[in-house]
file input_37.cif (mmCIF, C-alpha atoms)
data_query
loop_
_atom_site.label_atom_id
_atom_site.label_comp_id
_atom_site.auth_asym_id
_atom_site.auth_seq_id
_atom_site.Cartn_x
_atom_site.Cartn_y
_atom_site.Cartn_z
CA MET A 1 30.42 3.76 10.98
CA ASN A 2 28.88 6.51 8.91
CA ARG A 3 25.45 8.03 8.82
CA TYR A 4 23.42 7.67 5.65
CA TYR A 5 20.37 9.90 5.56
CA TYR A 6 17.55 8.43 3.51
CA ASP A 7 14.25 9.18 1.81
CA PHE A 8 12.67 5.99 0.48
CA HIS A 9 9.42 7.39 -0.88
CA ILE A 10 9.66 9.80 -3.81
CA HIS A 11 7.52 10.23 -6.91
CA SER A 12 8.79 11.32 -10.31
CA CYS A 13 6.94 12.85 -13.26
CA LEU A 14 5.84 9.32 -14.20
CA SER A 15 3.35 9.27 -11.32
CA PRO A 16 0.17 10.98 -12.57
CA CYS A 17 -0.27 12.98 -9.37
CA ALA A 18 3.35 14.18 -9.24
CA ASP A 19 4.60 17.44 -10.73
CA ASN A 20 6.26 17.34 -14.15
CA ASP A 21 9.24 19.11 -12.54
CA MET A 22 9.99 15.89 -10.62
CA THR A 23 12.51 14.84 -13.26
CA PRO A 24 15.21 12.31 -12.42
CA ASN A 25 17.93 14.98 -12.39
CA ASN A 26 15.87 17.44 -10.33
CA LEU A 27 15.19 14.73 -7.75
CA ALA A 28 18.84 13.78 -7.45
CA ALA A 29 19.97 17.41 -7.29
CA VAL A 30 17.41 18.37 -4.62
CA ALA A 31 18.34 15.27 -2.62
CA THR A 32 21.89 16.60 -2.49
CA LEU A 33 20.67 20.01 -1.32
CA ALA A 34 18.48 18.39 1.35
CA GLY A 35 21.41 16.36 2.67
CA ILE A 36 19.90 13.04 1.63
CA ASN A 37 22.49 10.35 0.87
CA VAL A 38 20.23 7.48 -0.21
CA MET A 39 17.03 8.04 -2.16
CA ALA A 40 14.50 5.52 -3.49
CA LEU A 41 12.29 6.33 -6.46
CA THR A 42 8.83 4.87 -5.82
CA ASP A 43 6.34 5.77 -8.53
CA HIS A 44 2.82 4.33 -8.44
CA ASN A 45 2.85 0.78 -9.87
CA THR A 46 5.90 1.44 -12.07
CA SER A 47 9.70 1.52 -11.91
CA LYS A 48 10.18 2.76 -15.46
CA ASN A 49 11.93 5.98 -14.44
CA CYS A 50 14.41 4.15 -12.23
CA PRO A 51 17.03 3.60 -14.97
CA ALA A 52 17.10 7.38 -15.62
CA PHE A 53 17.12 8.09 -11.89
CA PHE A 54 20.18 5.85 -11.45
CA GLN A 55 22.10 7.88 -14.04
CA ALA A 56 21.03 11.16 -12.47
CA ALA A 57 21.92 9.94 -8.98
CA LYS A 58 25.40 8.94 -10.07
CA ARG A 59 25.92 12.39 -11.57
CA ASN A 60 24.86 14.03 -8.28
CA GLY A 61 26.69 11.74 -5.89
CA ILE A 62 23.71 10.17 -4.14
CA ILE A 63 23.01 6.46 -3.77
CA PRO A 64 19.84 5.46 -5.66
CA ILE A 65 17.47 2.64 -4.78
CA ALA A 66 15.03 1.32 -7.36
CA GLY A 67 11.52 0.97 -6.04
CA MET A 68 7.79 1.26 -6.56
CA GLU A 69 4.75 2.25 -4.54
CA LEU A 70 2.40 -0.61 -5.26
CA THR A 71 -1.37 -0.20 -4.94
CA THR A 72 -2.80 -3.52 -3.76
CA ALA A 73 -6.19 -4.95 -4.73
CA GLU A 74 -7.53 -3.43 -1.49
CA ASP A 75 -6.24 0.05 -2.48
CA ILE A 76 -3.47 -0.09 0.14
CA HIS A 77 -0.16 1.58 -0.75
CA VAL A 78 2.96 -0.53 -0.18
CA VAL A 79 6.56 0.63 -0.68
CA CYS A 80 8.63 -1.97 -2.57
CA LEU A 81 12.43 -1.59 -2.70
CA PHE A 82 14.99 -3.62 -4.62
CA GLU A 83 18.72 -4.08 -4.13
CA LYS A 84 19.37 -4.05 -7.85
CA LEU A 85 17.88 -2.00 -10.66
CA GLU A 86 17.38 -5.13 -12.80
CA GLU A 87 15.29 -6.76 -10.04
CA ALA A 88 13.04 -3.72 -9.87
CA MET A 89 12.57 -3.80 -13.65
CA GLU A 90 11.63 -7.47 -13.53
CA PHE A 91 9.10 -6.70 -10.80
CA ASP A 92 7.87 -3.81 -12.95
CA SER A 93 7.12 -6.27 -15.79
CA PHE A 94 5.29 -8.53 -13.35
CA VAL A 95 3.17 -5.64 -12.04
CA ASP A 96 2.42 -4.57 -15.62
CA LYS A 97 0.68 -7.91 -16.12
CA ASN A 98 -1.36 -7.40 -12.96
CA ARG A 99 -2.63 -3.88 -13.57
CA ILE A 100 -6.26 -2.96 -14.22
CA ARG A 101 -6.03 -0.90 -17.37
CA ILE A 102 -7.98 2.33 -17.42
CA LYS A 103 -6.98 4.99 -19.97
CA ASN A 104 -5.28 7.90 -18.24
CA LYS A 105 -7.09 11.21 -18.55
CA THR A 106 -4.15 13.60 -18.38
CA GLU A 107 -6.38 16.64 -17.89
CA ILE A 108 -7.68 15.07 -14.66
CA PHE A 109 -4.89 12.85 -13.35
CA GLY A 110 -1.82 14.46 -14.96
CA ASP A 111 0.97 13.35 -17.28
CA GLN A 112 2.85 10.08 -16.86
CA LEU A 113 6.24 10.83 -18.38
CA ILE A 114 9.07 8.34 -18.88
CA MET A 115 12.48 10.04 -19.10
CA ASP A 116 16.06 9.20 -19.95
CA GLY A 117 19.08 10.09 -17.85
CA GLU A 118 19.21 13.57 -19.42
CA ASP A 119 15.60 14.40 -18.49
CA ASN A 120 14.37 13.98 -22.07
CA VAL A 121 10.85 12.58 -22.39
CA ILE A 122 11.23 9.22 -24.12
CA GLY A 123 7.69 7.92 -23.61
CA ASN A 124 4.62 7.91 -21.46
CA ASP A 125 2.26 5.39 -19.95
CA ASP A 126 -1.18 5.67 -21.57
CA TYR A 127 -2.95 3.83 -18.76
CA LEU A 128 -3.56 5.23 -15.29
CA LEU A 129 -0.79 4.07 -12.97
CA SER A 130 -2.18 4.83 -9.53
CA ASN A 131 -5.27 2.60 -9.40
CA ALA A 132 -5.50 -0.79 -7.68
CA THR A 133 -3.62 -3.78 -9.10
CA LEU A 134 -4.69 -7.42 -8.80
CA ILE A 135 -2.00 -8.13 -6.17
CA THR A 136 -3.52 -8.62 -2.70
CA ILE A 137 -2.04 -7.33 0.56
CA ASP A 138 -1.65 -10.94 1.75
CA ASP A 139 0.55 -11.75 -1.25
CA VAL A 140 2.70 -8.62 -1.49
CA LYS A 141 5.55 -9.57 0.82
CA LYS A 142 6.30 -12.98 -0.65
CA THR A 143 5.82 -11.73 -4.19
CA VAL A 144 8.30 -8.88 -3.70
CA GLU A 145 10.71 -11.25 -1.94
CA SER A 146 10.64 -13.53 -4.97
CA PHE A 147 12.22 -10.58 -6.84
CA ASN A 148 14.76 -10.16 -3.98
CA GLY A 149 13.00 -7.01 -2.76
CA VAL A 150 11.65 -5.68 0.52
CA SER A 151 8.13 -4.32 1.01
CA TYR A 152 6.25 -2.51 3.76
CA PRO A 153 3.03 -0.49 4.07
CA ALA A 154 3.33 3.19 3.16
CA HIS A 155 2.12 6.17 5.24
CA ILE A 156 0.15 4.09 7.73
CA ASP A 157 -0.72 7.29 9.58
CA ARG A 158 -2.84 8.46 6.66
CA GLU A 159 -6.49 7.81 5.95
CA ALA A 160 -6.04 7.66 2.17
CA ASN A 161 -4.58 4.30 1.10
CA GLY A 162 -3.06 3.57 4.52
CA ILE A 163 -3.26 -0.03 5.71
CA ILE A 164 -4.78 0.82 9.10
CA ALA A 165 -7.59 2.96 7.67
CA THR A 166 -8.32 0.29 5.07
CA LEU A 167 -8.11 -2.88 7.16
CA GLY A 168 -8.75 -1.46 10.63
CA THR A 169 -5.53 -2.91 12.08
CA PHE A 170 -1.88 -3.49 11.22
CA PRO A 171 -2.38 -7.19 10.35
CA GLU A 172 0.46 -9.40 11.55
CA GLU A 173 -0.51 -12.11 9.05
CA CYS A 174 0.88 -10.05 6.15
CA GLY A 175 4.35 -10.49 7.65
CA PHE A 176 5.73 -6.98 7.23
CA LEU A 177 8.89 -6.23 9.25
CA CYS A 178 8.96 -2.49 8.57
CA THR A 179 6.45 0.25 8.13
CA GLU A 180 6.43 3.85 6.97
CA PHE A 181 5.12 6.96 8.66
CA TYR A 182 4.45 10.17 6.83
CA ASP A 183 4.39 12.29 10.00
CA GLU A 184 6.99 11.36 12.61
CA ASN A 185 4.88 13.07 15.29
CA LYS A 186 2.25 10.36 14.91
CA ILE A 187 4.60 7.49 15.79
CA ASP A 188 3.92 7.47 19.57
CA GLU A 189 0.15 7.59 19.11
CA TYR A 190 0.17 4.68 16.68
CA THR A 191 2.64 2.45 18.54
CA GLU A 192 0.55 2.83 21.70
CA LYS A 193 -2.63 1.91 19.87
CA TYR A 194 -1.25 -0.87 17.64
CA LEU A 195 1.17 -2.71 19.90
CA ASN A 196 2.68 -4.94 17.19
CA LEU A 197 4.22 -1.80 15.64
CA LYS A 198 6.72 -1.73 18.49
CA GLU A 199 8.41 -4.77 16.91
CA LYS A 200 8.70 -3.12 13.48
CA LYS A 201 11.40 -1.03 11.95
CA LEU A 202 9.74 2.36 11.60
CA LEU A 203 10.79 4.51 8.66
CA VAL A 204 9.85 8.09 7.89
CA SER A 205 9.85 9.27 4.28
CA SER A 206 8.47 12.28 2.46
CA ASP A 207 6.15 10.78 -0.21
CA ALA A 208 7.15 13.85 -2.22
CA HIS A 209 5.05 14.71 -5.27
CA TYR A 210 6.47 18.25 -5.65
CA ILE A 211 10.03 19.46 -5.32
CA TRP A 212 9.18 21.39 -2.14
CA ASP A 213 7.77 18.23 -0.49
CA ILE A 214 11.26 16.74 -0.25
CA LYS A 215 12.17 17.09 3.42
CA ASP A 216 15.59 17.95 4.81
CA LYS A 217 17.61 15.03 6.11
CA ARG A 218 16.15 13.50 9.25
CA ASP A 219 16.35 9.72 9.64
CA TYR A 220 19.50 7.76 8.93
CA PHE A 221 21.09 4.33 8.91
CA GLU A 222 24.37 3.90 10.76
CA ILE A 223 26.47 1.82 8.41
CA ASP A 224 29.92 0.28 8.54
CA ASP A 225 30.87 1.19 4.98
CA GLU A 226 34.53 0.14 4.78
CA PRO A 227 35.76 -0.55 2.15
CA TYR A 228 33.31 1.94 0.67
CA SER A 229 31.12 1.20 -2.30
CA SER A 230 27.56 2.27 -3.00
CA ASP A 231 26.71 -1.42 -3.43
CA LYS A 232 28.01 -2.11 0.06
CA VAL A 233 25.89 0.69 1.55
CA ARG A 234 22.81 -0.57 -0.26
CA ARG A 235 23.49 -4.11 0.88
CA GLU A 236 23.78 -3.01 4.51
CA ILE A 237 20.54 -1.01 4.26
CA PHE A 238 18.68 -4.05 2.91
CA LYS A 239 20.11 -6.14 5.74
CA ALA A 240 18.65 -3.65 8.18
CA LEU A 241 15.28 -3.64 6.38
CA ARG A 242 15.22 -7.45 6.47
CA MET A 243 16.20 -7.25 10.15
CA VAL A 244 18.99 -9.74 9.51
CA ASP A 245 21.03 -8.54 12.50
CA LYS A 246 18.11 -8.18 14.87
CA SER A 247 18.75 -11.27 17.01
CA MET B 1 -36.81 -9.58 9.05
CA THR B 2 -34.31 -12.40 9.47
CA VAL B 3 -31.12 -12.94 7.51
CA GLU B 4 -32.64 -16.00 5.88
CA LYS B 5 -35.73 -14.09 4.76
CA LEU B 6 -33.56 -11.29 3.38
CA LYS B 7 -31.48 -13.84 1.48
CA ASN B 8 -34.60 -15.28 -0.16
CA GLU B 9 -36.29 -11.93 -0.86
CA LEU B 10 -33.21 -10.47 -2.59
CA SER B 11 -31.99 -13.77 -4.11
CA LEU B 12 -28.64 -13.49 -2.39
CA LYS B 13 -26.09 -16.29 -2.64
CA GLU B 14 -25.22 -18.07 0.58
CA VAL B 15 -21.49 -17.96 1.33
CA CYS B 16 -21.59 -18.78 5.05
CA LEU B 17 -24.91 -18.94 6.87
CA VAL B 18 -24.36 -19.90 10.51
CA ASN B 19 -27.14 -17.92 12.16
CA ALA B 20 -30.00 -17.73 9.64
CA GLN B 21 -32.58 -16.54 12.16
CA ARG B 22 -30.59 -13.46 13.20
CA GLU B 23 -32.81 -10.37 13.16
CA ILE B 24 -31.85 -7.43 10.91
CA THR B 25 -32.02 -3.91 12.31
CA GLY B 26 -30.80 -1.65 9.53
CA GLY B 27 -27.75 -1.39 7.34
CA TYR B 28 -24.35 0.11 6.74
CA VAL B 29 -22.34 0.41 3.52
CA GLY B 30 -18.56 0.89 3.54
CA ASP B 31 -15.19 -0.57 2.59
CA LEU B 32 -12.72 1.24 4.84
CA LEU B 33 -12.68 -1.05 7.85
CA SER B 34 -11.60 1.64 10.30
CA TRP B 35 -14.81 3.51 9.45
CA VAL B 36 -16.99 0.43 9.54
CA MET B 37 -15.65 -0.44 13.01
CA GLY B 38 -16.75 2.91 14.31
CA LYS B 39 -20.04 3.30 12.44
CA ALA B 40 -21.77 -0.05 11.81
CA GLU B 41 -24.25 -0.98 14.53
CA SER B 42 -25.25 -4.28 16.09
CA GLY B 43 -27.81 -6.07 13.91
CA ASN B 44 -26.99 -4.06 10.77
CA VAL B 45 -26.57 -5.66 7.38
CA TRP B 46 -23.08 -4.60 6.25
CA ILE B 47 -22.61 -4.26 2.48
CA THR B 48 -19.01 -4.15 1.21
CA ILE B 49 -16.66 -5.11 -1.61
CA MET B 50 -13.74 -5.75 0.79
CA SER B 51 -12.84 -9.45 0.95
CA ASN B 52 -9.77 -9.40 3.21
CA VAL B 53 -10.00 -11.67 6.27
CA ASN B 54 -10.24 -8.61 8.53
CA ILE B 55 -13.90 -8.23 7.50
CA ILE B 56 -14.66 -11.15 9.82
CA ALA B 57 -12.97 -9.43 12.76
CA VAL B 58 -14.87 -6.22 12.03
CA ALA B 59 -18.18 -8.09 11.68
CA SER B 60 -17.61 -9.79 15.04
CA LEU B 61 -16.57 -6.58 16.73
CA THR B 62 -19.57 -4.59 15.50
CA ASP B 63 -21.96 -7.56 15.85
CA VAL B 64 -23.58 -6.97 12.45
CA SER B 65 -26.25 -9.50 11.48
CA CYS B 66 -24.54 -10.37 8.21
CA ILE B 67 -22.00 -9.26 5.63
CA ILE B 68 -23.26 -8.90 2.07
CA LEU B 69 -20.48 -8.96 -0.51
CA ALA B 70 -21.44 -6.79 -3.47
CA GLU B 71 -20.36 -6.96 -7.13
CA GLY B 72 -19.85 -10.73 -7.02
CA VAL B 73 -16.79 -10.43 -4.79
CA GLU B 74 -15.57 -13.83 -3.61
CA VAL B 75 -13.73 -14.76 -0.41
CA ASP B 76 -10.96 -17.33 -0.10
CA GLU B 77 -10.93 -20.48 2.03
CA ASN B 78 -9.24 -18.75 4.95
CA VAL B 79 -11.96 -16.09 5.17
CA LEU B 80 -14.68 -18.73 4.91
CA ASN B 81 -13.19 -20.87 7.69
CA THR B 82 -12.72 -17.85 9.95
CA ALA B 83 -16.34 -16.82 9.33
CA LYS B 84 -17.54 -20.30 10.32
CA GLN B 85 -15.37 -20.26 13.44
CA LYS B 86 -16.58 -16.83 14.54
CA GLY B 87 -20.20 -17.45 13.54
CA VAL B 88 -20.39 -14.65 10.98
CA ASN B 89 -23.09 -14.76 8.28
CA ILE B 90 -21.90 -13.94 4.76
CA LEU B 91 -24.11 -13.52 1.70
CA MET B 92 -23.14 -12.43 -1.78
CA SER B 93 -24.74 -10.72 -4.76
CA GLU B 94 -23.65 -9.77 -8.27
CA LYS B 95 -25.44 -6.45 -7.79
CA SER B 96 -23.80 -3.18 -6.78
CA ALA B 97 -23.77 -1.95 -3.18
CA PHE B 98 -26.35 0.69 -4.18
CA GLU B 99 -28.76 -1.86 -5.63
CA ILE B 100 -28.41 -4.17 -2.64
CA ALA B 101 -28.84 -1.31 -0.16
CA SER B 102 -32.01 -0.09 -1.87
CA GLY B 103 -33.34 -3.68 -1.82
CA VAL B 104 -32.65 -3.96 1.92
CA ALA B 105 -34.20 -0.54 2.56
CA ASN B 106 -37.43 -1.59 0.83
CA LEU B 107 -37.75 -4.67 3.01
CA ILE B 108 -37.13 -3.38 6.52
#
call {"tool": "encode", "arguments": {"input": "input_37.cif", "output": "structure tokens"}}
result
Amino acid sequence: MNRYYYDFHIHSCLSPCADNDMTPNNLAAVATLAGINVMALTDHNTSKNCPAFFQAAKRNGIIPIAGMELTTAEDIHVVCLFEKLEEAMEFDSFVDKNRIRIKNKTEIFGDQLIMDGEDNVIGNDDYLLSNATLITIDDVKKTVESFNGVSYPAHIDREANGIIATLGTFPEECGFLCTEFYDENKIDEYTEKYLNLKEKKLLVSSDAHYIWDIKDKRDYFEIDDEPYSSDKVRREIFKALRMVDKS
Amino acid sequence: MTVEKLKNELSLKEVCLVNAQREITGGYVGDLLSWVMGKAESGNVWITIMSNVNIIAVASLTDVSCIILAEGVEVDENVLNTAKQKGVNILMSEKSAFEIASGVANLI
């Protein structure tokens, strides 16, 4: 068994609110410095910097996961993670068709830069990425599963775009098996108040928008990784997120 | 002012009217349910654009006289059935929350 430290909630320069220094190579390099072994890139409503992030991760010796932070129709943020890059890109195309298109005002919201594996700007998204999509919170889990992904509500301990602030509870009907905290010190308070959280796998991630937001290693998965491959590690992590071995 | 009278005065569409004679005692506007739970008062008209099924739970909990969905927001079958079960009045309007709220304010 080996420990794999993770951060599953990171924004790149493609998210309007994230710093332009959050380039794929900077993210991967800082992950190494922070002692993170597995990092997921989760830009708002897009996975279009994931291909570049995969190249940068390989160069820096960390295991990448392709993801997205989806904004639901109710303005709730949900982390979506995929075992394979191609699955994330297919989901990305699906989300593209379900976005509400408002022209991005870069002077207000910031740039939305798409990069290649060498941190060159190869494009940008002209429409604001962070606003609500047409996908409802009730439909997220099964929709993401149809792309072989896993989804769970992001930063539920936050007022802005957290599921509890928005819906008043952690609704069991949505079927989520995991959930994310921004502040690990809030976990006890929330699990006492919302008892169904005790059954969930609780993850803590940084939601970094600036380089200095990326936290040092903290939470980890204990994984039997023999014979080692990054695919094997990813597979085992997704098993844990799907709670396959829970019974 | 009853819910039924309000419906007629403001030409609101009936989505689920189970207690038409309920008396109205003011109003609250909001979409973040954690806030509505803490702030809306018994008898209030609650104006929102949120259509998730949890609005029924919040309406029951706060004992509001009715929910008014603004901007032509529609609810699905599940929400409608839950509202009927829990005895929650729901009305709807194509108008914005601001326009509905000013209409309510003029009447009560």
call {"tool": "closest_residue", "arguments": {"input": "input_37.cif", "among": "A:Phe170, A:Phe147, A:Tyr190, A:Phe181", "to": "chain B", "atoms": "all atoms listed in the file"}}
result
A:Phe170
call {"tool": "closest_atom_pairs", "arguments": {"input": "input_37.cif", "of": "chain B", "to": "chain A", "cutoff": "8 Å", "atoms": "all atoms listed in the file", "output": "Markdown table"}}
result
| residue | atom | partner | partner_atom | distance |
| --- | --- | --- | --- | --- |
| B:Asp31 | CA | A:Thr166 | CA | 7.4 |
| B:Leu32 | CA | A:Thr166 | CA | 4.5 |
| B:Leu33 | CA | A:Gly168 | CA | 4.8 |
| B:Ser34 | CA | A:Gly168 | CA | 4.2 |
| B:Trp35 | CA | A:Ala165 | CA | 7.5 |
| B:Met37 | CA | A:Gly168 | CA | 7.4 |
| B:Met50 | CA | A:Glu74 | CA | 7.0 |
| B:Asn52 | CA | A:Leu167 | CA | 7.8 |
| B:Asn54 | CA | A:Leu167 | CA | 6.3 |
| B:Ile55 | CA | A:Leu167 | CA | 7.9 |
| B:Val58 | CA | A:Gly168 | CA | 7.9 |
call {"tool": "closest_residue", "arguments": {"input": "input_37.cif", "among": "A:Thr179, A:Asn60, A:Asn26, A:Asn185", "to": "Glu199 in chain A", "atoms": "all atoms listed in the file"}}
result
A:Thr179
call {"tool": "closest_residue", "arguments": {"input": "input_37.cif", "among": "B:Leu61, B:Met1, B:Val29, B:Cys16", "to": "Thr82 in chain B", "atoms": "all atoms listed in the file"}}
result
B:Cys16
call {"tool": "atom_distance", "arguments": {"input": "input_37.cif", "atom1": "CA of Thr48 in chain B", "atom2": "CA of Val64 in chain B"}}
result
12.5 Å
call {"tool": "resolve_selection", "arguments": {"input": "input_37.cif", "expression": "the PyMOL selection byres ((chain A and resi 21) around 12)", "output": "number ranges by chain"}}
result
A: 11-15, 17-20, 22-27, 30, 111-113, 115, 119-121, 208-212
call {"tool": "closest_residue", "arguments": {"input": "input_37.cif", "among": "A:Ala34, A:Leu85, A:Leu241, A:Val95", "to": "Pro64 in chain A", "atoms": "all atoms listed in the file"}}
result
A:Leu85
call {"tool": "residues_around", "arguments": {"input": "input_37.cif", "residues": "Asn81 in chain B", "least_positions_apart": "2", "cutoff": "12 Å", "atoms": "all atoms listed in the file", "output": "list in words"}}
result
Val15, Cys16, Leu17, Val18, Val53, Ile56, Val75, Asp76, Glu77, Asn78, Val79, Ala83, Lys84, Gln85, Lys86, Gly87, Val88, Asn89 and Ile90 of chain B
call {"tool": "decode", "arguments": {"input": "input_37.cif", "residues": "range 75-84 of chain B", "atoms": "all heavy atoms", "output": "CSV table (one decimal), in the first residue's frame"}}
result
chain,number,residue,atom,x,y,z
B,75,VAL,N,-42.4,24.0,-12.6
B,75,VAL,CA,-42.0,22.9,-11.8
B,75,VAL,C,-42.3,21.5,-12.4
B,75,VAL,O,-43.2,21.4,-13.2
B,75,VAL,CB,-42.6,22.9,-10.4
B,75,VAL,CG1,-42.1,24.1,-9.6
B,75,VAL,CG2,-44.1,22.9,-10.5
B,76,ASP,N,-41.6,20.5,-12.1
B,76,ASP,CA,-41.9,19.2,-12.7
B,76,ASP,C,-42.9,18.4,-11.9
B,76,ASP,O,-43.4,18.9,-10.8
B,76,ASP,CB,-40.6,18.3,-12.9
B,76,ASP,CG,-39.9,18.0,-11.6
B,76,ASP,OD1,-40.6,18.0,-10.5
B,76,ASP,OD2,-38.7,17.7,-11.6
B,77,GLU,N,-43.3,17.3,-12.4
B,77,GLU,CA,-44.4,16.5,-11.8
B,77,GLU,C,-44.1,16.1,-10.3
B,77,GLU,O,-45.0,16.2,-9.5
B,77,GLU,CB,-44.4,15.2,-12.6
B,77,GLU,CG,-45.7,14.4,-12.5
B,77,GLU,CD,-46.9,15.2,-13.1
B,77,GLU,OE1,-46.7,16.2,-13.8
B,77,GLU,OE2,-48.0,14.7,-12.9
B,78,ASN,N,-42.9,15.8,-10.0
B,78,ASN,CA,-42.5,15.4,-8.7
B,78,ASN,C,-42.7,16.6,-7.7
B,78,ASN,O,-43.3,16.4,-6.6
B,78,ASN,CB,-41.0,15.0,-8.7
B,78,ASN,CG,-40.4,14.7,-7.3
B,78,ASN,OD1,-41.1,14.2,-6.5
B,78,ASN,ND2,-39.1,15.0,-7.1
B,79,VAL,N,-42.4,17.8,-8.1
B,79,VAL,CA,-42.6,18.9,-7.2
B,79,VAL,C,-44.1,19.2,-7.0
B,79,VAL,O,-44.5,19.4,-5.9
B,79,VAL,CB,-41.9,20.2,-7.8
B,79,VAL,CG1,-42.2,21.4,-7.0
B,79,VAL,CG2,-40.4,20.0,-8.0
B,80,LEU,N,-44.8,19.0,-8.1
B,80,LEU,CA,-46.3,19.3,-8.1
B,80,LEU,C,-46.9,18.3,-7.1
B,80,LEU,O,-47.8,18.6,-6.3
B,80,LEU,CB,-46.8,19.1,-9.5
B,80,LEU,CG,-48.3,19.6,-9.7
B,80,LEU,CD1,-48.4,21.1,-9.3
B,80,LEU,CD2,-48.6,19.4,-11.2
B,81,ASN,N,-46.6,17.0,-7.2
B,81,ASN,CA,-47.2,16.0,-6.4
B,81,ASN,C,-46.8,16.2,-4.9
B,81,ASN,O,-47.6,16.0,-4.0
B,81,ASN,CB,-46.7,14.6,-6.8
B,81,ASN,CG,-47.3,14.2,-8.2
B,81,ASN,OD1,-48.3,14.7,-8.5
B,81,ASN,ND2,-46.6,13.3,-8.9
B,82,THR,N,-45.6,16.6,-4.7
B,82,THR,CA,-45.1,16.8,-3.3
B,82,THR,C,-45.9,18.0,-2.7
B,82,THR,O,-46.3,18.0,-1.6
B,82,THR,CB,-43.6,17.1,-3.2
B,82,THR,OG1,-42.9,16.1,-4.0
B,82,THR,CG2,-43.1,17.0,-1.8
B,83,ALA,N,-46.1,19.0,-3.5
B,83,ALA,CA,-46.9,20.2,-3.1
B,83,ALA,C,-48.3,19.8,-2.7
B,83,ALA,O,-48.8,20.3,-1.7
B,83,ALA,CB,-46.9,21.3,-4.2
B,84,LYS,N,-48.9,19.0,-3.5
B,84,LYS,CA,-50.3,18.5,-3.2
B,84,LYS,C,-50.3,17.7,-1.9
B,84,LYS,O,-51.2,18.0,-1.1
B,84,LYS,CB,-50.8,17.6,-4.4
B,84,LYS,CG,-51.3,18.4,-5.6
B,84,LYS,CD,-51.7,17.5,-6.7
B,84,LYS,CE,-51.9,18.2,-8.0
B,84,LYS,NZ,-51.8,17.4,-9.1
